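Here the structure comes first, spelled out in structure tokens, and everything after it is commentary.
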Amino acid sequence: MTYTIKVQPSGHQFTVERKEIILDAALRQGIAFPYGCRSGACGSCLGEIKSGSVGYPDGLPMALSEEDIEKGRALFCQAIANSNLEIHVPEIRRDTEVEIKTLPARVERLRKLSHDVMEMTLKLPETERLQFLAGQYVEFLLKDGRRRSFSIANAPFNDEYLEFHIRYVPNGFFTEQVFNKIKEKSLLRIEGPHGNFFLRNNSERPILLIAGGTGFAPIKSIVEQVIEENTNKPIHIYWGTRAKQDLYYDTLAKNWACKYPHINYIPVLSEPKIDDNWQGRIGFVHKAVTEDFADLSAYDVYMAGPPAMINAAKEAFASKGLPNEQLYFDSFDYSTDALKAVQQT
Ligand SMILES: Cc1cc2nc3c(=O)[nH]c(=O)nc-3n(C[C@H](O)[C@H](O)[C@H](O)COP(=O)(O)OP(=O)(O)OC[C@H]3O[C@@H](n4cnc5c(N)ncnc54)[C@H](O)[C@@H]3O)c2cc1C
Ligand code: FES
């Protein structure tokens with residue numbers, strides 16, 4: 001049995017099989033719904049149900065609040081249709097049609113950037129390139145169907161290799177392998193590109209880029225792309241980490257700010273060590289932004305990093321007048337199988 005889904009405001013229409021996740025059906029049929037984690041944790045796929053009803057076979061997703069339910073909102077990465085539906089979803093208007101591919105990739109280089117961040121550079125087969133937009137991520141396809149998401153850290157114009165900044169997670173299924181097992185020349189499988197966290201070229205507004213930890217990876221991709229496109233748009237980069245040792249590409253960011261007058265770089269440490277001799281900003285990175293900008297209504301804001309940072313920043317920036325449609329973010333949530341393992345303990 002199939003149901004028909006009508007999407008406002010685009011007027012697009014697609015079908016969904018019984019028990020098929022609505023987001024999966026939309027993407028399969030070339031309808032560019034926004035999404036991030038695909039595990040019900042980040043809220044990127046939130047939309048409104050105008051008529052009909054949905055269900056959640058795996059239980060109510062974490063990012064769906066009581067208020068969302070009362071207001072008829074749904075998270076389409078977890079929802080299935082119980083009837084024909086009319087829904088409102090702000091579809092992504094991509095500048096380019098981006099094909100999602102599954103590809104083998106060879107580990108070209110592994111380089112430790114800090115005590116717990118590994119830069120992994122991948123090379124695709126000779127005849128393949130992965131077209132992506134600055135800021136997007138890929139999924140590593142692992143044993144037992146597990147998938148792990150990592151943002152591409154290089155810019156699309158420079159796509160001979162794919163670069164990743166991988167933070168070590170103790171006992172993490174994939175990151176343990178990256179640090180202890182995977183070697184140069186190892187073969188991996190990736191799928192992508194994914195995500196609606198990508199640089200929009202249709203805006204003249206100045207850009208605020210905010211990274212938490214390895215959230216610097218997609219921010220780096222965006223900055224390199226903007227530099228390549230030679231626009232002189234003002235760019236403010238805020239990078240929040242715990243201590244100085246975690247600013248693993250500090251010199252690179254400082255060099256951008258030195259070389260390009262329209263780029264401003266502000267590192268912010270939440271827990272500097274005594275021997276860091278830190279003279280710079282201290283505290284949470286989103287607070288540094290709200291201290292510096294009384295009104296965010298004239299900015300496009302891109303941010304990537306841990307869920308706690310993203311959630312705190314969303315609220316703080318809204319209170320400084322940032323309209324929802326000028327905020328783009330990637331919340332570095334953990335995969336559903338890891339979350340389920342935690343919930344079972
Ligand atoms: C869109 C997206 C892009 C991402 N991009 C990046 C990136 O560029 N660089 C990067 O380092 N990470 C990134 N992440 C986060 C990354 O996907 C997870 O940290 C990773 O999946 C961990 O995999 P694992 O198999 O090693 O750990 P798992 O086996 O999945 O987890 C093991 C345990 O650690 C916990 N855990 C998992 N990840 C984290 C974490 N990040 N922090 C704290 N505890 C954790 C889990 O809850 C679980 O208890 C991204 C996530 C998303 C959704
Ligand atoms: S909650 Fe649906 S994509 Fe993250």
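Going through the structure tokens in order, the chains are called A, B, and so on, while each chain numbers its residues from 1 and the ligands are numbered from 1 in the order shown.
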Can you tell me, as a PDB file with N, CA and C atoms, in the first residue's frame, what residues are no more than 12 Å from Ala217 of chain A when counting only C-alpha atoms, ignoring any on the same chain fewer than 6 positions away?
```
ATOM      1  N   VAL A 117      42.590  14.331  17.589  1.00  0.00           N
ATOM      2  CA  VAL A 117      41.990  14.545  16.256  1.00  0.00           C
ATOM      3  C   VAL A 117      42.929  14.016  15.177  1.00  0.00           C
ATOM      4  N   MET A 118      42.376  13.183  14.329  1.00  0.00           N
ATOM      5  CA  MET A 118      43.138  12.608  13.218  1.00  0.00           C
ATOM      6  C   MET A 118      42.624  13.207  11.909  1.00  0.00           C
ATOM      7  N   GLU A 119      43.553  13.640  11.082  1.00  0.00           N
ATOM      8  CA  GLU A 119      43.153  14.056   9.735  1.00  0.00           C
ATOM      9  C   GLU A 119      43.288  12.839   8.832  1.00  0.00           C
ATOM     10  N   MET A 120      42.194  12.461   8.221  1.00  0.00           N
ATOM     11  CA  MET A 120      42.236  11.311   7.311  1.00  0.00           C
ATOM     12  C   MET A 120      41.934  11.823   5.907  1.00  0.00           C
ATOM     13  N   ALA A 134      30.125  22.848  -0.298  1.00  0.00           N
ATOM     14  CA  ALA A 134      30.973  23.165   0.861  1.00  0.00           C
ATOM     15  C   ALA A 134      30.160  23.075   2.140  1.00  0.00           C
ATOM     16  N   GLY A 135      30.591  22.205   3.066  1.00  0.00           N
ATOM     17  CA  GLY A 135      29.894  22.045   4.348  1.00  0.00           C
ATOM     18  C   GLY A 135      29.226  20.683   4.493  1.00  0.00           C
ATOM     19  N   GLN A 136      29.056  19.962   3.387  1.00  0.00           N
ATOM     20  CA  GLN A 136      28.324  18.687   3.468  1.00  0.00           C
ATOM     21  C   GLN A 136      29.179  17.575   4.088  1.00  0.00           C
ATOM     22  N   TYR A 137      28.539  16.460   4.387  1.00  0.00           N
ATOM     23  CA  TYR A 137      29.249  15.350   5.023  1.00  0.00           C
ATOM     24  C   TYR A 137      29.032  14.046   4.262  1.00  0.00           C
ATOM     25  N   PHE A 150      30.754  12.006   8.891  1.00  0.00           N
ATOM     26  CA  PHE A 150      31.882  12.930   9.064  1.00  0.00           C
ATOM     27  C   PHE A 150      31.865  13.971   7.952  1.00  0.00           C
ATOM     28  N   SER A 151      32.110  15.203   8.356  1.00  0.00           N
ATOM     29  CA  SER A 151      32.050  16.325   7.424  1.00  0.00           C
ATOM     30  C   SER A 151      33.305  16.366   6.561  1.00  0.00           C
ATOM     31  N   ILE A 152      33.112  16.777   5.327  1.00  0.00           N
ATOM     32  CA  ILE A 152      34.261  16.921   4.420  1.00  0.00           C
ATOM     33  C   ILE A 152      34.930  18.259   4.749  1.00  0.00           C
ATOM     34  N   ALA A 153      36.252  18.212   4.949  1.00  0.00           N
ATOM     35  CA  ALA A 153      36.944  19.417   5.438  1.00  0.00           C
ATOM     36  C   ALA A 153      37.591  20.230   4.319  1.00  0.00           C
ATOM     37  N   ASN A 154      37.689  19.664   3.134  1.00  0.00           N
ATOM     38  CA  ASN A 154      38.238  20.456   2.024  1.00  0.00           C
ATOM     39  C   ASN A 154      37.090  21.051   1.207  1.00  0.00           C
ATOM     40  N   ALA A 155      37.441  22.016   0.340  1.00  0.00           N
ATOM     41  CA  ALA A 155      36.400  22.681  -0.451  1.00  0.00           C
ATOM     42  C   ALA A 155      36.126  21.899  -1.729  1.00  0.00           C
ATOM     43  N   LEU A 162      39.554  13.723  -0.415  1.00  0.00           N
ATOM     44  CA  LEU A 162      38.557  14.129   0.567  1.00  0.00           C
ATOM     45  C   LEU A 162      39.236  14.108   1.929  1.00  0.00           C
ATOM     46  N   GLU A 163      39.083  15.203   2.650  1.00  0.00           N
ATOM     47  CA  GLU A 163      39.784  15.342   3.935  1.00  0.00           C
ATOM     48  C   GLU A 163      38.763  15.339   5.075  1.00  0.00           C
ATOM     49  N   PHE A 164      39.115  14.644   6.163  1.00  0.00           N
ATOM     50  CA  PHE A 164      38.221  14.563   7.324  1.00  0.00           C
ATOM     51  C   PHE A 164      39.008  14.848   8.599  1.00  0.00           C
ATOM     52  N   HIS A 165      38.350  15.461   9.573  1.00  0.00           N
ATOM     53  CA  HIS A 165      38.956  15.675  10.903  1.00  0.00           C
ATOM     54  C   HIS A 165      38.171  14.811  11.877  1.00  0.00           C
ATOM     55  N   ILE A 166      38.798  13.749  12.335  1.00  0.00           N
ATOM     56  CA  ILE A 166      38.053  12.752  13.113  1.00  0.00           C
ATOM     57  C   ILE A 166      38.485  12.784  14.570  1.00  0.00           C
ATOM     58  N   ARG A 167      37.509  13.127  15.412  1.00  0.00           N
ATOM     59  CA  ARG A 167      37.826  13.173  16.850  1.00  0.00           C
ATOM     60  C   ARG A 167      37.657  11.790  17.458  1.00  0.00           C
ATOM     61  N   LEU A 209      30.602  32.323  10.922  1.00  0.00           N
ATOM     62  CA  LEU A 209      30.858  30.879  10.936  1.00  0.00           C
ATOM     63  C   LEU A 209      31.271  30.475  12.346  1.00  0.00           C
ATOM     64  N   ILE A 210      30.583  29.490  12.912  1.00  0.00           N
ATOM     65  CA  ILE A 210      30.885  29.111  14.292  1.00  0.00           C
ATOM     66  C   ILE A 210      31.169  27.613  14.348  1.00  0.00           C
ATOM     67  N   ALA A 211      32.349  27.269  14.866  1.00  0.00           N
ATOM     68  CA  ALA A 211      32.735  25.856  14.953  1.00  0.00           C
ATOM     69  C   ALA A 211      32.950  25.481  16.405  1.00  0.00           C
ATOM     70  N   VAL A 223      35.059  28.112   4.205  1.00  0.00           N
ATOM     71  CA  VAL A 223      35.983  29.254   4.078  1.00  0.00           C
ATOM     72  C   VAL A 223      36.832  29.090   2.807  1.00  0.00           C
ATOM     73  N   GLU A 224      37.347  27.888   2.592  1.00  0.00           N
ATOM     74  CA  GLU A 224      38.198  27.686   1.404  1.00  0.00           C
ATOM     75  C   GLU A 224      37.411  27.943   0.121  1.00  0.00           C
ATOM     76  N   TRP A 239      35.874  29.975  16.649  1.00  0.00           N
ATOM     77  CA  TRP A 239      36.166  28.537  16.851  1.00  0.00           C
ATOM     78  C   TRP A 239      36.303  28.283  18.346  1.00  0.00           C
ATOM     79  N   LEU A 247      42.833  23.576  19.291  1.00  0.00           N
ATOM     80  CA  LEU A 247      42.724  24.456  18.104  1.00  0.00           C
ATOM     81  C   LEU A 247      43.705  23.926  17.056  1.00  0.00           C
ATOM     82  N   TYR A 248      43.366  22.798  16.495  1.00  0.00           N
ATOM     83  CA  TYR A 248      44.376  22.053  15.723  1.00  0.00           C
ATOM     84  C   TYR A 248      44.759  22.712  14.394  1.00  0.00           C
ATOM     85  N   TYR A 249      43.954  23.659  13.923  1.00  0.00           N
ATOM     86  CA  TYR A 249      44.319  24.380  12.690  1.00  0.00           C
ATOM     87  C   TYR A 249      44.352  25.889  12.957  1.00  0.00           C
ATOM     88  N   ALA A 253      43.886  29.201  10.334  1.00  0.00           N
ATOM     89  CA  ALA A 253      42.834  30.219  10.480  1.00  0.00           C
ATOM     90  C   ALA A 253      43.443  31.609  10.658  1.00  0.00           C
ATOM     91  N   MET A 303      26.816  27.094  11.573  1.00  0.00           N
ATOM     92  CA  MET A 303      27.548  26.569  12.732  1.00  0.00           C
ATOM     93  C   MET A 303      27.538  25.039  12.723  1.00  0.00           C
ATOM     94  N   ALA A 304      28.634  24.475  13.237  1.00  0.00           N
ATOM     95  CA  ALA A 304      28.762  23.019  13.282  1.00  0.00           C
ATOM     96  C   ALA A 304      29.514  22.637  14.543  1.00  0.00           C
ATOM     97  N   GLY A 305      29.059  21.548  15.164  1.00  0.00           N
ATOM     98  CA  GLY A 305      29.735  21.090  16.372  1.00  0.00           C
ATOM     99  C   GLY A 305      28.818  20.258  17.239  1.00  0.00           C
ATOM    100  N   ASP A 330      24.966  22.087  11.474  1.00  0.00           N
ATOM    101  CA  ASP A 330      25.129  20.633  11.528  1.00  0.00           C
ATOM    102  C   ASP A 330      25.418  20.281  12.977  1.00  0.00           C
ATOM    103  N   PHE A 332      26.579  17.626  15.521  1.00  0.00           N
ATOM    104  CA  PHE A 332      27.361  16.380  15.429  1.00  0.00           C
ATOM    105  C   PHE A 332      26.793  15.321  16.373  1.00  0.00           C
TER     106      PHE A 332
END
```
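Among the residues of segment 53-120 of chain A, backbone DSSP assigns helix (DSSP H, G or I) to Glu66, Glu67, Asp68, Ile69 and Glu70 of chain A.
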Preceding selection exported with N, CA and C atoms as a PDB file, in the first residue's frame:
```
ATOM      1  N   GLU A  66       6.984  18.352  23.055  1.00  0.00           N
ATOM      2  CA  GLU A  66       5.515  18.343  23.267  1.00  0.00           C
ATOM      3  C   GLU A  66       4.875  19.455  22.440  1.00  0.00           C
ATOM      4  N   GLU A  67       5.531  20.623  22.475  1.00  0.00           N
ATOM      5  CA  GLU A  67       4.992  21.785  21.761  1.00  0.00           C
ATOM      6  C   GLU A  67       4.936  21.511  20.254  1.00  0.00           C
ATOM      7  N   ASP A  68       6.004  20.841  19.727  1.00  0.00           N
ATOM      8  CA  ASP A  68       6.005  20.494  18.304  1.00  0.00           C
ATOM      9  C   ASP A  68       4.786  19.635  17.976  1.00  0.00           C
ATOM     10  N   ILE A  69       4.536  18.650  18.830  1.00  0.00           N
ATOM     11  CA  ILE A  69       3.426  17.726  18.557  1.00  0.00           C
ATOM     12  C   ILE A  69       2.102  18.496  18.585  1.00  0.00           C
ATOM     13  N   GLU A  70       1.944  19.352  19.610  1.00  0.00           N
ATOM     14  CA  GLU A  70       0.700  20.143  19.717  1.00  0.00           C
ATOM     15  C   GLU A  70       0.494  21.014  18.483  1.00  0.00           C
TER      16      GLU A  70
END
```
Exercise for the section: Could you give me, as a PyMOL selection string, every polymer residue with an atom at most 8 Å away from an atom of ligand 1, counting only C-alpha atoms and all ligand atoms? Expected result: chain A and resi 36-38+117+136-138+147-153+164-177+194-195+213-218+305-306+330-339+341-342
Set the cut-off to 7 Å, count only C-alpha atoms and all ligand atoms, and list whatever residues fall near ligand 2 as a PDB file with C-alpha atoms, in the first residue's frame.
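Just written: part_16.pdb:
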```
ATOM      1  CA  TYR A  35      17.993  16.781   7.089  1.00  0.00           C
ATOM      2  CA  GLY A  36      21.048  16.322   9.265  1.00  0.00           C
ATOM      3  CA  CYS A  37      21.470  13.327  11.569  1.00  0.00           C
ATOM      4  CA  ARG A  38      18.691  11.064  10.229  1.00  0.00           C
ATOM      5  CA  SER A  39      18.300   9.730  13.755  1.00  0.00           C
ATOM      6  CA  GLY A  40      15.680  12.029  15.280  1.00  0.00           C
ATOM      7  CA  ALA A  41      18.220  13.963  17.302  1.00  0.00           C
ATOM      8  CA  CYS A  42      19.008  17.237  15.535  1.00  0.00           C
ATOM      9  CA  GLY A  43      15.653  18.675  14.414  1.00  0.00           C
ATOM     10  CA  SER A  44      16.842  19.601  10.904  1.00  0.00           C
ATOM     11  CA  CYS A  45      14.043  17.668   9.186  1.00  0.00           C
ATOM     12  CA  LEU A  46      11.209  19.342  11.112  1.00  0.00           C
ATOM     13  CA  ALA A  63      14.239  16.296  18.987  1.00  0.00           C
ATOM     14  CA  LEU A  75      10.315  14.911  12.183  1.00  0.00           C
ATOM     15  CA  PHE A  76      10.292  13.307   8.771  1.00  0.00           C
ATOM     16  CA  CYS A  77      13.524  11.327   9.266  1.00  0.00           C
ATOM     17  CA  GLN A  78      11.626   9.137  11.762  1.00  0.00           C
TER      18      GLN A  78
END
```
Exercise for the section: Do a neighbour search on Ile263 of chain A at 10 Å with only C-alpha atoms, toss out local chain neighbours closer than 6 positions, and write the hits as an MDAnalysis selection string. Expected result: chainID A and resid 207 223 227 232:237 253:257
Include C-alpha atoms and write out the residues we just selected as a PDB file, in the first residue's frame.
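Now in result_22.pdb:
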```pdb
ATOM      1  CA  ILE A 207      28.692  35.463   7.138  1.00  0.00           C
ATOM      2  CA  VAL A 223      35.983  29.254   4.078  1.00  0.00           C
ATOM      3  CA  ILE A 227      38.145  32.373  -0.706  1.00  0.00           C
ATOM      4  CA  ASN A 232      34.859  40.012  -0.520  1.00  0.00           C
ATOM      5  CA  LYS A 233      31.971  39.282   1.811  1.00  0.00           C
ATOM      6  CA  PRO A 234      32.851  39.895   5.443  1.00  0.00           C
ATOM      7  CA  ILE A 235      33.400  36.583   7.249  1.00  0.00           C
ATOM      8  CA  HIS A 236      33.668  36.210  11.018  1.00  0.00           C
ATOM      9  CA  ILE A 237      34.998  32.831  12.159  1.00  0.00           C
ATOM     10  CA  ALA A 253      42.834  30.219  10.480  1.00  0.00           C
ATOM     11  CA  LYS A 254      45.218  32.968  11.596  1.00  0.00           C
ATOM     12  CA  ASN A 255      46.774  32.947   8.127  1.00  0.00           C
ATOM     13  CA  TRP A 256      43.359  33.418   6.496  1.00  0.00           C
ATOM     14  CA  ALA A 257      42.717  36.426   8.728  1.00  0.00           C
TER      15      ALA A 257
END
```
Handout entry: All residues 9 Å or closer to Pro57 of chain A, only C-alpha atoms, same chain fewer than 3 positions away omitted, as a ChimeraX atom specification
Key = /A:19,60,78-80
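Ranking A:Leu110, A:Leu64, A:Ile49, A:Ala298 by their shortest atom-to-atom distance to Leu85 of chain A, with only C-alpha atoms included, puts A:Ile49 first.
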Practice task
Tell me which of A:Ile222, A:Ala294, A:Leu23, A:Leu208 sits closest to Asn264 of chain A, counting only C-alpha atoms.
Solution key: A:Leu208
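Residues of segment 142-221 of chain A assigned to strand (DSSP E) by DSSP on this structure's backbone: Arg147, Arg148, Ser149, Phe150, Ser151, Tyr161, Leu162, Glu163, Phe164, His165, Ile166, Arg167, Leu187, Leu188, Arg189, Ile190, Glu191, Gly192, Pro193, His194, Ile207, Leu208, Leu209, Ile210, Ala211 and Gly212 of chain A.
Closest approach to Gly55 of chain A among A:Arg189, A:Arg146, A:Arg18, A:Lys71 is made by A:Arg18 (distances from only C-alpha atoms).
Ranking A:Ala81, A:Leu199, A:Ala313, A:Ile22 by their shortest atom-to-atom distance to Gly212 of chain A, with only C-alpha atoms included, puts A:Ala313 first.
Note that the spacing between atom CA of Tyr3 of chain A and atom CA of Glu17 of chain A amounts to 6.5 Å.
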